[in-house]
Every structure is written in C-alpha cells, then in structure tokens.
>>> print(open('protein_20.tsv').read())   # TSV, C-alpha atoms
chain	number	residue	atom	x	y	z
A	22	MET	CA	164.49	73.73	158.15
A	23	ALA	CA	162.12	71.39	156.30
A	24	HIS	CA	163.79	68.50	154.50
A	25	LYS	CA	163.39	67.33	150.93
A	26	VAL	CA	160.12	65.53	150.23
A	27	ARG	CA	160.01	62.24	148.32
A	28	THR	CA	156.63	60.83	149.36
A	29	VAL	CA	153.51	62.92	149.85
A	30	GLY	CA	150.64	61.80	152.05
A	31	VAL	CA	147.15	63.28	151.84
A	32	LEU	CA	144.23	63.08	154.24
A	33	THR	CA	140.86	64.72	154.81
A	34	SER	CA	139.85	65.50	158.35
A	35	GLY	CA	136.85	66.83	160.25
A	36	GLY	CA	133.59	67.58	158.46
A	37	ASP	CA	133.46	66.72	154.78
A	38	ALA	CA	133.02	69.47	152.21
A	39	PRO	CA	132.19	69.38	148.48
A	40	GLY	CA	135.40	69.88	146.54
A	41	MET	CA	137.61	67.76	148.78
A	42	ASN	CA	137.83	65.13	146.05
A	43	ALA	CA	139.02	67.74	143.58
A	44	ALA	CA	141.76	68.72	146.03
A	45	ILE	CA	142.79	65.08	146.55
A	46	ARG	CA	142.93	64.57	142.78
A	47	ALA	CA	145.11	67.65	142.35
A	48	VAL	CA	147.50	66.60	145.12
A	49	VAL	CA	147.92	63.10	143.68
A	50	ARG	CA	148.40	64.10	140.06
A	51	THR	CA	150.62	67.10	140.77
A	52	ALA	CA	152.87	65.00	143.01
A	53	LEU	CA	153.12	62.21	140.43
A	54	SER	CA	153.95	64.72	137.70
A	55	LYS	CA	156.90	65.88	139.82
A	56	GLY	CA	158.25	62.38	140.37
A	57	LEU	CA	156.97	62.03	143.93
A	58	ASN	CA	155.27	59.02	145.49
A	59	VAL	CA	151.77	59.49	146.90
A	60	ARG	CA	150.04	57.75	149.76
A	61	GLY	CA	146.45	58.29	150.79
A	62	ILE	CA	145.43	58.12	154.43
A	63	ARG	CA	141.88	56.96	155.05
A	64	ARG	CA	139.60	58.37	157.76
A	65	GLY	CA	141.74	61.34	158.71
A	66	TYR	CA	144.01	61.31	161.74
A	67	GLN	CA	142.13	58.34	163.16
A	68	GLY	CA	142.99	56.35	160.06
A	69	LEU	CA	146.59	57.52	160.33
A	70	LEU	CA	146.83	56.14	163.86
A	71	ASN	CA	145.20	52.91	162.62
A	72	GLU	CA	147.71	52.80	159.73
A	73	GLU	CA	145.00	52.87	157.06
A	74	ILE	CA	147.48	53.98	154.42
A	75	ILE	CA	147.36	53.15	150.71
A	76	ASN	CA	149.50	53.87	147.67
A	77	MET	CA	147.79	56.11	145.13
A	78	ASN	CA	148.23	56.54	141.38
A	79	ALA	CA	146.59	58.68	138.72
A	80	ARG	CA	143.83	56.18	138.04
A	81	ASP	CA	142.84	56.11	141.71
A	82	VAL	CA	141.60	59.68	141.35
A	83	SER	CA	139.91	59.32	137.96
A	84	ASP	CA	136.27	60.45	137.77
A	85	ILE	CA	136.15	61.95	141.25
A	86	ILE	CA	136.38	65.70	140.59
A	87	HIS	CA	132.59	65.96	140.25
A	88	ARG	CA	131.77	63.90	143.35
A	89	GLY	CA	130.87	65.30	146.74
A	90	GLY	CA	132.26	63.98	150.00
A	91	THR	CA	135.76	62.52	150.12
A	92	ILE	CA	136.98	59.23	148.66
A	93	LEU	CA	139.49	59.02	151.52
A	94	GLN	CA	136.66	59.38	154.04
A	95	THR	CA	137.01	61.43	157.17
A	96	ALA	CA	136.68	61.15	160.93
A	97	ARG	CA	137.33	63.06	164.10
A	98	CYS	CA	140.13	61.91	166.37
A	99	ALA	CA	140.38	62.72	170.08
A	100	GLU	CA	143.77	60.98	170.35
A	101	MET	CA	145.32	63.52	167.99
A	102	ARG	CA	144.72	66.19	170.61
A	103	THR	CA	147.15	64.42	172.97
A	104	GLU	CA	150.94	64.57	172.88
A	105	GLU	CA	151.10	60.78	172.83
A	106	GLY	CA	148.80	60.60	169.82
A	107	GLN	CA	150.77	63.24	167.96
A	108	ILE	CA	154.10	61.48	168.55
A	109	GLU	CA	152.58	58.17	167.45
A	110	ALA	CA	151.16	59.78	164.29
A	111	ALA	CA	154.54	61.28	163.37
A	112	GLY	CA	156.20	57.90	163.91
A	113	ILE	CA	153.68	56.16	161.62
A	114	LEU	CA	154.26	58.74	158.88
A	115	ARG	CA	158.00	58.07	159.07
A	116	LYS	CA	157.39	54.31	159.08
A	117	TYR	CA	155.59	54.63	155.74
A	118	GLY	CA	158.18	57.03	154.33
A	119	ILE	CA	155.74	59.96	154.23
A	120	ASP	CA	157.86	63.07	154.61
A	121	GLY	CA	155.31	65.58	153.30
A	122	LEU	CA	151.67	65.67	154.41
A	123	VAL	CA	148.73	67.59	152.90
A	124	VAL	CA	145.86	68.05	155.34
A	125	ILE	CA	142.48	69.09	153.92
A	126	GLY	CA	140.10	70.37	156.59
A	127	GLY	CA	139.39	73.17	159.02
A	128	ASP	CA	141.02	74.76	162.06
A	129	GLY	CA	140.93	71.54	164.10
A	130	SER	CA	142.66	69.67	161.29
A	131	PHE	CA	145.27	72.43	161.02
A	132	ALA	CA	145.98	72.19	164.74
A	133	GLY	CA	146.94	68.54	164.16
A	134	ALA	CA	149.09	69.53	161.18
A	135	GLN	CA	150.82	72.14	163.33
A	136	LYS	CA	151.76	69.51	165.91
A	137	LEU	CA	153.12	67.19	163.22
A	138	ALA	CA	155.18	70.03	161.76
A	139	ASN	CA	156.66	70.65	165.20
A	140	LEU	CA	157.67	66.97	165.21
A	141	GLY	CA	159.54	67.32	161.94
A	142	ILE	CA	156.89	66.35	159.36
A	143	ASN	CA	156.52	68.75	156.44
A	144	THR	CA	152.85	69.77	156.49
A	145	ILE	CA	150.63	71.94	154.31
A	146	GLY	CA	146.98	72.71	155.10
A	147	ILE	CA	144.20	73.25	152.57
A	148	PRO	CA	141.06	74.97	153.93
A	149	GLY	CA	138.09	72.67	153.39
A	150	THR	CA	134.96	73.57	155.33
A	151	ILE	CA	131.46	74.67	154.39
A	152	ASP	CA	131.44	77.16	157.28
A	153	LEU	CA	133.85	79.69	155.68
A	154	ASP	CA	135.24	80.27	159.18
A	155	ILE	CA	139.01	80.04	158.63
A	156	ALA	CA	140.40	83.50	159.29
A	157	CYS	CA	143.49	83.43	157.09
A	158	THR	CA	141.50	82.98	153.88
A	159	GLU	CA	138.59	84.69	152.18
A	160	TYR	CA	137.38	81.40	150.77
A	161	THR	CA	137.17	77.78	151.92
A	162	ILE	CA	136.49	74.73	149.76
A	163	GLY	CA	132.87	73.63	150.00
A	164	PHE	CA	131.22	76.91	150.95
A	165	ASP	CA	129.99	77.77	147.46
A	166	THR	CA	128.35	74.38	146.98
A	167	ALA	CA	126.82	74.37	150.47
A	168	VAL	CA	125.38	77.86	150.22
A	169	ASN	CA	123.88	77.13	146.80
A	170	THR	CA	122.38	73.88	148.08
A	171	ALA	CA	120.82	75.73	151.00
A	172	MET	CA	119.64	78.61	148.82
A	173	GLU	CA	117.82	76.27	146.43
A	174	ALA	CA	116.16	74.43	149.33
A	175	ILE	CA	115.04	77.68	150.92
A	176	ASP	CA	113.54	78.85	147.61
A	177	LYS	CA	111.38	75.72	147.62
A	178	VAL	CA	110.30	76.22	151.23
A	179	ARG	CA	109.46	79.83	150.41
A	180	ASP	CA	107.07	78.72	147.66
A	181	THR	CA	104.99	76.62	150.04
A	182	SER	CA	105.32	79.20	152.82
A	183	THR	CA	103.76	81.79	150.52
A	184	SER	CA	100.99	79.43	149.43
A	185	HIS	CA	99.99	78.72	153.03
A	186	GLU	CA	100.70	82.22	154.35
A	187	ARG	CA	103.14	80.83	156.88
A	188	CYS	CA	106.12	81.93	158.82
A	189	SER	CA	108.99	79.56	158.02
A	190	ILE	CA	112.06	79.11	160.19
A	191	ILE	CA	114.78	77.45	158.13
A	192	GLU	CA	117.82	76.20	160.01
A	193	VAL	CA	121.10	76.08	158.11
A	194	MET	CA	124.44	74.71	159.28
A	195	GLY	CA	126.93	76.85	161.16
A	196	ARG	CA	127.60	75.87	164.75
A	197	ASP	CA	130.06	78.69	165.49
A	198	ALA	CA	129.87	80.86	162.38
A	199	GLY	CA	126.98	82.55	160.61
A	200	TRP	CA	128.33	82.83	157.07
A	201	LEU	CA	125.88	80.33	155.58
A	202	ALA	CA	122.99	82.00	157.37
A	203	LEU	CA	124.07	85.47	156.27
A	204	TRP	CA	124.55	84.57	152.61
A	205	CYS	CA	121.29	82.61	152.46
A	206	GLY	CA	119.47	85.42	154.22
A	207	ILE	CA	120.59	87.90	151.58
A	208	ALA	CA	120.24	85.52	148.60
A	209	ASN	CA	116.79	84.30	149.64
A	210	GLY	CA	115.44	87.67	150.72
A	211	ALA	CA	114.75	86.54	154.28
A	212	GLU	CA	112.99	88.87	156.66
A	213	ARG	CA	115.27	87.88	159.56
A	214	ILE	CA	118.70	86.24	160.00
A	215	ILE	CA	119.75	84.74	163.34
A	216	MET	CA	123.45	83.88	163.70
A	217	PRO	CA	125.78	82.53	166.42
A	218	GLU	CA	127.46	85.94	166.43
A	219	GLU	CA	124.14	87.33	167.68
A	220	HIS	CA	123.40	85.17	170.73
A	221	ASP	CA	121.30	87.92	172.30
A	222	TYR	CA	118.81	88.14	169.42
A	223	ASP	CA	115.47	89.65	170.38
A	224	GLU	CA	112.58	87.22	169.82
A	225	ASP	CA	110.10	89.87	170.97
A	226	ALA	CA	111.28	92.11	168.13
A	227	ILE	CA	110.79	89.27	165.64
A	228	VAL	CA	107.24	88.68	166.89
A	229	GLU	CA	106.44	92.37	166.62
A	230	ASP	CA	107.90	92.53	163.11
A	231	ILE	CA	105.74	89.59	162.01
A	232	ARG	CA	102.66	91.35	163.36
A	233	ARG	CA	103.50	94.57	161.52
A	234	ASN	CA	104.13	92.69	158.29
A	235	ARG	CA	100.77	90.91	158.54
A	236	GLU	CA	99.03	94.24	159.08
A	237	ARG	CA	100.65	95.48	155.86
A	238	GLY	CA	99.32	92.43	154.03
A	239	LYS	CA	102.51	90.42	153.74
A	240	GLN	CA	101.65	86.76	153.14
A	241	HIS	CA	104.72	85.02	154.50
A	242	TYR	CA	107.77	85.55	156.71
A	243	ILE	CA	111.14	83.81	156.33
A	244	ILE	CA	113.63	83.42	159.18
A	245	ILE	CA	117.07	81.95	158.51
A	246	ASN	CA	118.37	80.43	161.73
A	247	ALA	CA	121.93	79.14	162.16
A	248	GLU	CA	122.61	75.76	163.74
A	249	GLY	CA	124.61	77.46	166.50
A	250	ILE	CA	121.40	79.13	167.72
A	251	GLY	CA	119.24	76.08	167.05
A	252	ASP	CA	115.96	75.48	168.90
A	253	SER	CA	114.08	76.03	165.63
A	254	LEU	CA	111.20	73.67	166.45
A	255	ASN	CA	110.46	75.30	169.80
A	256	MET	CA	110.99	78.74	168.32
A	257	ALA	CA	108.33	77.96	165.71
A	258	LYS	CA	105.86	76.93	168.43
A	259	ARG	CA	106.49	80.10	170.42
A	260	ILE	CA	106.10	82.37	167.41
A	261	GLU	CA	102.87	80.68	166.29
A	262	GLU	CA	101.41	80.98	169.80
A	263	ARG	CA	102.27	84.66	170.05
A	264	THR	CA	101.37	85.79	166.52
A	265	GLY	CA	98.60	83.41	165.50
A	266	MET	CA	100.47	82.90	162.23
A	267	GLU	CA	101.03	79.28	161.23
A	268	THR	CA	104.76	78.66	161.71
A	269	ARG	CA	106.86	75.72	160.58
A	270	ALA	CA	110.53	74.86	161.13
A	271	THR	CA	112.67	73.17	158.48
A	272	ILE	CA	116.11	71.89	159.44
A	273	LEU	CA	118.24	71.43	156.32
A	274	GLY	CA	120.96	69.53	158.17
A	275	HIS	CA	123.67	67.50	156.47
A	276	MET	CA	122.20	67.79	152.97
A	277	GLN	CA	124.28	70.98	152.85
A	278	ARG	CA	127.50	68.95	153.05
A	279	GLY	CA	126.69	66.73	150.08
A	280	GLY	CA	126.13	67.07	146.36
A	281	ASN	CA	128.26	67.70	143.32
A	282	PRO	CA	130.67	70.58	143.92
A	283	THR	CA	130.15	73.76	141.95
A	284	CYS	CA	132.61	74.93	139.31
A	285	ARG	CA	134.10	77.38	141.80
A	286	ASP	CA	134.75	74.68	144.38
A	287	ARG	CA	136.26	72.32	141.81
A	288	VAL	CA	138.61	74.93	140.35
A	289	MET	CA	139.74	76.44	143.63
A	290	ALA	CA	140.24	73.03	145.23
A	291	SER	CA	142.30	71.92	142.24
A	292	ILE	CA	144.54	74.98	142.37
A	293	MET	CA	144.98	74.72	146.15
A	294	GLY	CA	145.83	71.02	145.87
A	295	ALA	CA	148.47	71.69	143.23
A	296	LYS	CA	149.88	74.62	145.22
A	297	ALA	CA	150.20	72.42	148.32
A	298	VAL	CA	152.47	70.02	146.45
A	299	GLU	CA	154.46	72.92	144.98
A	300	LEU	CA	155.13	74.22	148.49
A	301	LEU	CA	156.26	70.79	149.71
A	302	LYS	CA	158.50	70.47	146.68
A	303	GLU	CA	160.06	73.83	147.59
A	304	GLY	CA	160.81	72.48	151.07
A	305	LYS	CA	158.18	74.56	152.86
A	306	SER	CA	156.27	73.30	155.87
A	307	ASN	CA	153.76	74.39	158.50
A	308	ARG	CA	151.81	76.48	155.98
A	309	VAL	CA	148.13	76.98	155.19
A	310	ILE	CA	147.00	77.89	151.68
A	311	GLY	CA	144.42	80.63	151.36
A	312	ILE	CA	142.97	83.29	149.11
A	313	GLN	CA	143.38	86.98	149.87
A	314	GLN	CA	142.34	89.78	147.51
A	315	GLY	CA	141.86	87.23	144.75
A	316	GLN	CA	145.38	85.80	145.07
A	317	TYR	CA	146.43	82.36	146.28
A	318	ILE	CA	148.72	82.80	149.27
A	319	ASP	CA	150.24	80.69	152.03
A	320	VAL	CA	150.60	81.66	155.68
A	321	ASP	CA	152.21	80.11	158.72
A	322	ILE	CA	149.84	77.70	160.50
A	323	ASN	CA	150.71	79.24	163.88
A	324	GLU	CA	149.61	82.66	162.62
A	325	ALA	CA	146.54	81.20	160.90
A	326	LEU	CA	145.30	79.55	164.10
A	327	GLN	CA	145.65	82.80	166.05
A	328	MET	CA	143.60	84.86	163.60
A	329	GLU	CA	139.94	85.59	164.26
A	330	LYS	CA	137.24	86.00	161.64
A	331	SER	CA	134.01	87.88	162.18
A	332	ILE	CA	130.94	88.67	160.12
A	333	PRO	CA	131.36	92.09	158.44
A	334	GLN	CA	128.88	94.36	160.18
A	335	PHE	CA	128.09	96.26	156.98
A	336	GLU	CA	126.97	93.03	155.26
A	337	TYR	CA	124.65	92.24	158.16
A	338	GLU	CA	123.26	95.79	158.08
A	339	ILE	CA	122.64	95.47	154.34
A	340	ALA	CA	120.74	92.21	154.94
A	341	LYS	CA	118.50	93.96	157.47
A	342	MET	CA	117.96	96.97	155.23
A	343	LEU	CA	116.96	94.84	152.24
A	344	ALA	CA	114.46	92.96	154.41
A	345	LEU	CA	112.39	96.08	155.12
>>> encode(input="protein_20.tsv", output="structure tokens")
Amino acid sequence: MAHKVRTVGVLTSGGDAPGMNAAIRAVVRTALSKGLNVRGIRRGYQGLLNEEIINMNARDVSDIIHRGGTILQTARCAEMRTEEGQIEAAGILRKYGIDGLVVIGGDGSFAGAQKLANLGINTIGIPGTIDLDIACTEYTIGFDTAVNTAMEAIDKVRDTSTSHERCSIIEVMGRDAGWLALWCGIANGAERIIMPEEHDYDEDAIVEDIRRNRERGKQHYIIINAEGIGDSLNMAKRIEERTGMETRATILGHMQRGGNPTCRDRVMASIMGAKAVELLKEGKSNRVIGIQQGQYIDVDINEALQMEKSIPQFEYEIAKMLAL
C-alpha cells in the first residue's frame, strides 16, 4: 500500500510538449495549497540520476502557463531502462525526501514511473506528448497546440503550392503514430495522407491520382506525410519525374513541438496536474491520468502500458472520401 506523501517531486521526460509548463504549475501550486513540499527535477530521469533537484515555490511557476517547452527541461535516459539505474533513482528520491513523484511524458516516461512504483515510490503519470499515442487516454497534453501549428503552416504552403501549380509533400511529426498526419489531412483538405499505420502505401496509386487530377484541371496536390514514413525529399523527386508536375517537400520538424499552448492544452494540463497531486494526497500510486468520454480518470500504469491505440478506420475513410 502506498504511504503518506509529504514531499512531491515533478519532472518532465522524453519529448517536450506545449502545456507541460501548465502542468508543472498546477502540480506545484496544488501541492503547496495542501501543505506539501515540492521539488522540481531538471532534465527528466537523467537529471534525477545527476541529482539536479531544486526546491520550488509558487513564484517559481509564475508567468509560465503561456510558455511552450518545459521550464524543468527534459532529456532521454538510457540508464533508467536498467535495473541498476532504477534502483539508484529510487534511492536518490528517498535521499531528498521525495515520497510522491509526478511524471509528465509519454509511454517511455511511464515505464520509468512504473519501475519506481515497484520500488516503493508513489508515482502518478500525466500524458504529455504531441503524438496523441497513449492508449489509456483520448487526449494528451500538447496535441492540440501541435496540430494547430502544423495546420497553419500547411495552409501557408498550400497558398504557394496553388500559385505555382505544384504538388506539395508536407512532412509532419509522428514516428510511430499518424494522429497528427490524419488530423492535418482532414483539417487542411489534403488529397492524400500517408501514416506509419500504412507502411504499404501505394505510390503508384498516388502518381495515377495526381495525373487524373491534372486532367480534371486541378491546380495543386497536397500530400501529408508522417515522419514515420519519411523519405519526403526523395518521394518528391520520384513523383515529379513520373508526373511532370513540379513537386516540393516541406519538413515541418520540431516547430510543431514549440509555441504558446492553446487554451485547451493549458486547461487540460492544469486539471491533470492538480488531479495528480490529489491522487498522491489520497495515497494512490502507479496511476496514469487520462480522459475518457469527456471525464478525467486514472488507470493503473501496468494496464496503461499494455493497451494499444490505433487510428479509427472510419476517420481515415472519411479523410479519403473528402479528398475526392
């Protein structure tokens, strides 16, 4: 059974996501309001192992809710995947009196939290990733900002693509998940969406579709390509050679991670951060906060890591139908 928490630690791990600062702010201020001490851990699990641990007060999180990135910074940590690293991390948390830990990140971050929970550290995970790929929740902090950033960039590329009568291949982030590509494809009215879930996409069919569209007088063609498929520059060369249509690739890259978080990301991150502290205060551990059917819920990390999330086929079919 989890023990009573007196000092809460908070860290951000893995890829940064807009809204993480709002979650940090909520964790700090909610904990302080309940008479708990708060310690921030810089640079994720790597910073924990390096003992980059600071005391935090309400003023430390002033004027950060609107900022992208994470004031605690983040890093990836290979050592945390080893039993030795996990035992060392748990020992450092005890050394600093941290008996409750809030981890803001994705599945990899939650795997580390799970190991710490098994070693007796109360842990709560908050889903923070622009990829929307955590199965136990319908929403992850950062997705709304990232997809709006990408959508606005694609709108601009579309303007010049139309002016020059080009085919534009626009690569969005999403190494293992196609949510950003799918949403941008629908929101931007793309003619084609290529996602990691569709590794066997048919380039011949795309070429033929471009030819048919040109015959009908269409002046441009937009392809949204996910990072997990990649090869956008070479794909553009192949399509131009085969269709005769000028084709350009634009890789949006890490701009999708940055920027001021949207209202949705700020509010949801704030509520999740506060809920994480509430759960620790109640003596709960090894939980992940999520949203299901519009409600904030918490599920066991072990169950969360075993769940799988896939792109709804009907949404993908709608995207293709609307592109006709």
>>> closest_atom_pairs(input="protein_20.tsv", of="region 201-243 of chain A", to="region 165-176 of chain A", cutoff="8 Å", atoms="all atoms listed in the file", output="JSON lines")
{"residue": "A:Leu201", "atom": "CA", "partner": "A:Val168", "partner_atom": "CA", "distance": 5.9}
{"residue": "A:Trp204", "atom": "CA", "partner": "A:Val168", "partner_atom": "CA", "distance": 7.2}
{"residue": "A:Cys205", "atom": "CA", "partner": "A:Met172", "partner_atom": "CA", "distance": 5.7}
{"residue": "A:Ala208", "atom": "CA", "partner": "A:Met172", "partner_atom": "CA", "distance": 6.9}
{"residue": "A:Asn209", "atom": "CA", "partner": "A:Met172", "partner_atom": "CA", "distance": 6.4}
>>> write_last_selection(input="protein_20.tsv", atoms="C-alpha atoms", output="PDB file, in the coordinates of the input")
ATOM      1  CA  LEU A 201     125.880  80.330 155.580  1.00  0.00           C
ATOM      2  CA  TRP A 204     124.550  84.570 152.610  1.00  0.00           C
ATOM      3  CA  CYS A 205     121.290  82.610 152.460  1.00  0.00           C
ATOM      4  CA  ALA A 208     120.240  85.520 148.600  1.00  0.00           C
ATOM      5  CA  ASN A 209     116.790  84.300 149.640  1.00  0.00           C
TER       6      ASN A 209
END
>>> closest_residue(input="protein_20.tsv", among="A:Thr158, A:Asn139, A:Thr144, A:Gln240", to="Ser184 (chain A)", atoms="only C-alpha atoms")
A:Gln240
>>> residues_around(input="protein_20.tsv", residues="His220 (chain A)", least_positions_apart="3", cutoff="10 Å", atoms="all atoms listed in the file", output="VMD selection string")
chain A and resid 215 to 217 223 249 to 250
>>> residues_around(input="protein_20.tsv", residues="region 290-305 of chain A", least_positions_apart="6", cutoff="10 Å", atoms="all atoms listed in the file", output="ChimeraX atom specification")
/A:22-29,31,39-53,55,57,86,120-125,143-149,161-163,282,284,311-312,317-319
>>> residues_around(input="protein_20.tsv", residues="Arg232 (chain A)", least_positions_apart="5", cutoff="12 Å", atoms="all atoms listed in the file", output="mmCIF file with C-alpha atoms, keeping the file's coordinate frame")
data_model
loop_
_atom_site.group_PDB
_atom_site.id
_atom_site.type_symbol
_atom_site.label_atom_id
_atom_site.label_comp_id
_atom_site.auth_asym_id
_atom_site.auth_seq_id
_atom_site.Cartn_x
_atom_site.Cartn_y
_atom_site.Cartn_z
ATOM 1 C CA CYS A 188 106.120 81.930 158.820
ATOM 2 C CA ASP A 225 110.100 89.870 170.970
ATOM 3 C CA ALA A 226 111.280 92.110 168.130
ATOM 4 C CA ILE A 227 110.790 89.270 165.640
ATOM 5 C CA ARG A 237 100.650 95.480 155.860
ATOM 6 C CA GLY A 238 99.320 92.430 154.030
ATOM 7 C CA LYS A 239 102.510 90.420 153.740
ATOM 8 C CA GLN A 240 101.650 86.760 153.140
ATOM 9 C CA HIS A 241 104.720 85.020 154.500
ATOM 10 C CA TYR A 242 107.770 85.550 156.710
ATOM 11 C CA ILE A 260 106.100 82.370 167.410
ATOM 12 C CA GLU A 261 102.870 80.680 166.290
ATOM 13 C CA ARG A 263 102.270 84.660 170.050
ATOM 14 C CA THR A 264 101.370 85.790 166.520
ATOM 15 C CA GLY A 265 98.600 83.410 165.500
ATOM 16 C CA MET A 266 100.470 82.900 162.230
#
>>> closest_residue(input="protein_20.tsv", among="A:Gln316, A:Asn307, A:Thr33, A:Ser189", to="Met289 (chain A)", atoms="all atoms listed in the file")
A:Gln316
>>> build_atoms(input="protein_20.tsv", residues="region 280-308 of chain A", atoms="N, CA and C atoms", output="mmCIF file, in the frame of the given file")
data_model
loop_
_atom_site.group_PDB
_atom_site.id
_atom_site.type_symbol
_atom_site.label_atom_id
_atom_site.label_comp_id
_atom_site.auth_asym_id
_atom_site.auth_seq_id
_atom_site.Cartn_x
_atom_site.Cartn_y
_atom_site.Cartn_z
ATOM 1 N N GLY A 280 126.436 66.578 147.701
ATOM 2 C CA GLY A 280 126.130 67.070 146.360
ATOM 3 C C GLY A 280 127.370 67.341 145.548
ATOM 4 N N ASN A 281 127.159 67.423 144.237
ATOM 5 C CA ASN A 281 128.260 67.700 143.320
ATOM 6 C C ASN A 281 128.800 69.101 143.546
ATOM 7 N N PRO A 282 130.110 69.253 143.702
ATOM 8 C CA PRO A 282 130.670 70.580 143.920
ATOM 9 C C PRO A 282 130.464 71.499 142.726
ATOM 10 N N THR A 283 130.301 72.760 143.006
ATOM 11 C CA THR A 283 130.150 73.760 141.950
ATOM 12 C C THR A 283 131.473 73.935 141.202
ATOM 13 N N CYS A 284 131.401 74.642 140.082
ATOM 14 C CA CYS A 284 132.610 74.930 139.310
ATOM 15 C C CYS A 284 133.637 75.654 140.184
ATOM 16 N N ARG A 285 133.176 76.613 140.962
ATOM 17 C CA ARG A 285 134.100 77.380 141.800
ATOM 18 C C ARG A 285 134.836 76.475 142.776
ATOM 19 N N ASP A 286 134.106 75.580 143.427
ATOM 20 C CA ASP A 286 134.750 74.680 144.380
ATOM 21 C C ASP A 286 135.726 73.731 143.688
ATOM 22 N N ARG A 287 135.368 73.245 142.519
ATOM 23 C CA ARG A 287 136.260 72.320 141.810
ATOM 24 C C ARG A 287 137.557 73.016 141.394
ATOM 25 N N VAL A 288 137.422 74.219 140.853
ATOM 26 C CA VAL A 288 138.610 74.930 140.350
ATOM 27 C C VAL A 288 139.514 75.358 141.507
ATOM 28 N N MET A 289 138.926 75.959 142.517
ATOM 29 C CA MET A 289 139.740 76.440 143.630
ATOM 30 C C MET A 289 140.393 75.288 144.387
ATOM 31 N N ALA A 290 139.660 74.189 144.568
ATOM 32 C CA ALA A 290 140.240 73.030 145.230
ATOM 33 C C ALA A 290 141.392 72.457 144.418
ATOM 34 N N SER A 291 141.242 72.441 143.115
ATOM 35 C CA SER A 291 142.300 71.920 142.240
ATOM 36 C C SER A 291 143.556 72.774 142.333
ATOM 37 N N ILE A 292 143.382 74.092 142.298
ATOM 38 C CA ILE A 292 144.540 74.980 142.370
ATOM 39 C C ILE A 292 145.211 74.885 143.743
ATOM 40 N N MET A 293 144.409 74.834 144.806
ATOM 41 C CA MET A 293 144.980 74.720 146.150
ATOM 42 C C MET A 293 145.729 73.405 146.325
ATOM 43 N N GLY A 294 145.162 72.312 145.773
ATOM 44 C CA GLY A 294 145.830 71.020 145.870
ATOM 45 C C GLY A 294 147.173 71.017 145.171
ATOM 46 N N ALA A 295 147.210 71.621 143.977
ATOM 47 C CA ALA A 295 148.470 71.690 143.230
ATOM 48 C C ALA A 295 149.476 72.582 143.959
ATOM 49 N N LYS A 296 148.989 73.697 144.512
ATOM 50 C CA LYS A 296 149.880 74.620 145.220
ATOM 51 C C LYS A 296 150.479 73.959 146.457
ATOM 52 N N ALA A 297 149.697 73.113 147.135
ATOM 53 C CA ALA A 297 150.200 72.420 148.320
ATOM 54 C C ALA A 297 151.420 71.569 147.984
ATOM 55 N N VAL A 298 151.344 70.855 146.876
ATOM 56 C CA VAL A 298 152.470 70.020 146.450
ATOM 57 C C VAL A 298 153.662 70.888 146.052
ATOM 58 N N GLU A 299 153.391 71.998 145.367
ATOM 59 C CA GLU A 299 154.460 72.920 144.980
ATOM 60 C C GLU A 299 155.223 73.402 146.219
ATOM 61 N N LEU A 300 154.488 73.743 147.273
ATOM 62 C CA LEU A 300 155.130 74.220 148.490
ATOM 63 C C LEU A 300 155.996 73.133 149.126
ATOM 64 N N LEU A 301 155.471 71.903 149.162
ATOM 65 C CA LEU A 301 156.260 70.790 149.710
ATOM 66 C C LEU A 301 157.519 70.568 148.884
ATOM 67 N N LYS A 302 157.368 70.657 147.579
ATOM 68 C CA LYS A 302 158.500 70.470 146.680
ATOM 69 C C LYS A 302 159.574 71.538 146.925
ATOM 70 N N GLU A 303 159.129 72.733 147.306
ATOM 71 C CA GLU A 303 160.060 73.830 147.590
ATOM 72 C C GLU A 303 160.694 73.704 148.970
ATOM 73 N N GLY A 304 160.258 72.679 149.739
ATOM 74 C CA GLY A 304 160.810 72.480 151.070
ATOM 75 C C GLY A 304 160.107 73.260 152.159
ATOM 76 N N LYS A 305 158.921 73.795 151.866
ATOM 77 C CA LYS A 305 158.180 74.560 152.860
ATOM 78 C C LYS A 305 157.337 73.639 153.733
ATOM 79 N N SER A 306 157.049 74.098 154.920
ATOM 80 C CA SER A 306 156.270 73.300 155.870
ATOM 81 C C SER A 306 155.514 74.224 156.806
ATOM 82 N N ASN A 307 154.528 73.651 157.507
ATOM 83 C CA ASN A 307 153.760 74.390 158.500
ATOM 84 C C ASN A 307 153.054 75.599 157.885
ATOM 85 N N ARG A 308 152.487 75.407 156.697
ATOM 86 C CA ARG A 308 151.810 76.480 155.980
ATOM 87 C C ARG A 308 150.347 76.115 155.722
#
